[in-house]
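Novice: Here it is: the structure, laid out below.
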Amino acid sequence: MTFDQRDPAFIADPYPAFAALREAGEVHHHEQMGVAVAVSHAACSAVLRHRSLGRIWSDVKPVEQFMAFNLLHRNSLLENEPPTHTRLRRLVAAAFGRGHVERLRPWVADLADRLVDELVAKIDDQGQGDLLAHVAAPLPVEVIAELLGVPGQDRYLLQPWSNAIVKMYEYGLPAEQQEAAERAAAEFVAYLRELIALRRKTPGSDLVSDLVAVTDTDGARLTEDELVATAVLLLMAGHEATVNVIGNGVYALMCHRSQWERLSPDLMPTAVEELIRFDSPLQLFERTATERVEIAGHVVEPGEKIAALLGAAARDPLVFENPDTLDVGREKNQHLGFGMGIHYCLGAPLARIEVEAALSSLHRKLPGAVLAEEPNRRAEFVIRGLHSLPLGAE
């Protein structure tokens with residue numbers, strides 16, 4: 001008993017299927033995806049924390065057809081384990097730690113206000129406006145571009161690249177979408193090599209300049225491939241997660257009107273965590289065993305994969321009181337939306353700032369927001385989100 005990740009009814013609402021799986025056991029083998037899935041909070045936590053379950057990258061085959069995609073992942077912080085991961089994370093964290101996130105906080109708030117103003121103007125003019133097109137999608141792209149120091153005239157390139165590349169994380173992707181992902185990866189790699197070369201000559205106050213300059217205690221630096229992979233990871237993880245937290249979250253609030261009306265500045269921090277928990281933008285995260293591991297009675301042999309089903313963990317009644325209830329004031333919220341262990345999301349503080357800025361601005365400037373029509377949901381399972389979220393005003 002598992003689920004069909006391609007079934008539109010499941011994609012629309014996977015949580016009843018997850019509940020049935022949790023009732024039946026903590027780990028199940030998913031034949032269709034060829035991987036075991038952990039569905040309880042405890043089992044998912046164990047998968048994410050176990051030192052013998054790692055992100056072991058295997059190049060996508062045939063290698064010659066996916067040169068750029070494989071380069072990005074082979075050199076990524078997310079796809080490596082110690083000691084490589086330790087070195088990469090220390091260097092990237094050192095560059096991040098130079099005040100970049102706090103530097104951006106007021107800028108992000110101003111940007112969110114400008115974007116929401118555009119949405120409100122669209123609603124005033126045409127009766128409805130798409131939250132994703134006007135706010136949720138452009139906000140994280142602009143923030144990551146500002147963080148990296150991407151010139152304004154080039155920023156329109158980033159979102160299409162990210163959207164194409166992340167399709168590769170789905171199961172059973174058609175060949176044409178695989179080819180589109182590789183093209184996007186190759187274009188992104190080429191662009192970043194040029195940007196890095198520019199920052200080597202003329203450093204700025206951006207993160208790329210700091211990544212170029214940062215050295216480890218032993219004098220080690222990031223290689224150019226690692227620099228490129230880090231920049232792409234920041235865009236893909238930062239953009240895809242944030243746009244879908246905002247989209248999924250506002251949709252949930254529109255469907256739970258009392259929670260939208262309950263929002264206040266004091267509740268914004270807990271509301272952000274609750275929106276991440278309630279409808280997780282990342283539903284599944286894989287690990288590979290480096291030695292024999294047992295998770296909730298399920299044995300994972302070396303080389304075999306097991307996935308933490310984050311959406312199922314987020315609704316576990318053993319951890320969350322009334323887990324199927326949206327509660328923007330929920331205080332005990334041990335969601336796994338940013339991961340756990342050594343791969344805990346480095347960009348979590350920035351993501352929280354972005355989501356809170358968007359939510360605060362929307363609630364302040366459009367308190368009478370309502371669904372103009374039902375949203376168009378993306379067909380993918382692993383990365384859960386909407387294509388559009390049309391809003392109107394009461």
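By convention in this document, the chains of the structure tokens carry letters A, B, ... by their order, each chain's residues are numbered from 1, and ligands are numbered from 1 in the order they are shown.
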Might you pull out every residue within 12 Å of range 165-167 of chain A, with only C-alpha atoms counted and same-chain residues fewer than 5 positions away left off, and present them as an MDAnalysis selection string?
Specialist: chainID A and resid 66 68:70 72:73 158:160 172:189 232:233 235:241 282 378:384
Novice: How many Å separate CA of Leu284 in chain A from CA of Arg22 in chain A?
Specialist: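 Separation of CA of Leu284 in chain A and CA of Arg22 in chain A: 15.1 Å.
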Novice: What is the distance, in Å and to one decimal place, between CA of Met340 in chain A and CA of Tyr251 in chain A?
Specialist: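 Here the two named atoms are 26.6 Å from each other.
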Novice: Hey, which of A:Ala36, A:Val328, A:Leu115, A:Ala229 ends up closest to Leu253 in chain A? Count only C-alpha atoms.
Specialist: A:Val328
Novice: Going by DSSP on the backbone, which bits of range 35-259 of chain A are strand (DSSP E)? Write them as a ChimeraX atom specification, please.
Specialist: /A:35-38,53-54,129-130
Novice: With distances taken over only C-alpha atoms, which of A:Asp327, A:Glu226, A:Glu373, A:Glu354 is nearest to Arg87 in chain A?
Specialist: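 Under the stated criterion, the closest residue is A:Glu226.
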Novice: At a cut-off of 12 Å, using only C-alpha atoms, what residues contact Asn322 in chain A? Leave out same-chain residues fewer than 5 positions from it and give the result as an NGL selection string.
Specialist: :A and (278 or 314-317 or 327 or 330 or 332-333)
Novice: Determine the nearest neighbour of Ala133 in chain A from the options A:Val35, A:Val243, A:Leu104, A:Ala43, counting only C-alpha atoms.
Specialist: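 Nearest to Ala133 in chain A: A:Val243.
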Novice: Choose the residue, out of A:Met67, A:Leu119, A:Ile246, A:Met33, that has the smallest atom-to-atom separation from Tyr169 in chain A; count only C-alpha atoms.
Specialist: A:Met33
Novice: Nearest to Gly392 in chain A among A:Leu91, A:Ile295, A:Ala121, A:Leu48, with distances taken over only C-alpha atoms: which residue is it?
Specialist: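 Among the listed residues, A:Ala121 lies closest to Gly392 in chain A.
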Novice: Enumerate the residues of range 89-132 of chain A with a DSSP assignment of helix (DSSP H, G or I), computed from the backbone, and present them as a ChimeraX atom specification.
Specialist: /A:89-96,100-126,131-132
Novice: For a quick check of understanding, using only C-alpha atoms, which of A:Val299, A:Arg221, A:Val228, A:Val245 has the smallest distance to Ala197 in chain A?
Specialist: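 Counting only C-alpha atoms, the residue closest to Ala197 in chain A is A:Val228.
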Novice: If you count only C-alpha atoms, which residues fall within 10 Å of Val208 in chain A, apart from same-chain ones fewer than 5 positions away, as number ranges by chain?
Specialist: A: 95-96, 147-150, 192, 195-196, 199-200, 203, 213-214, 227-228, 230-231
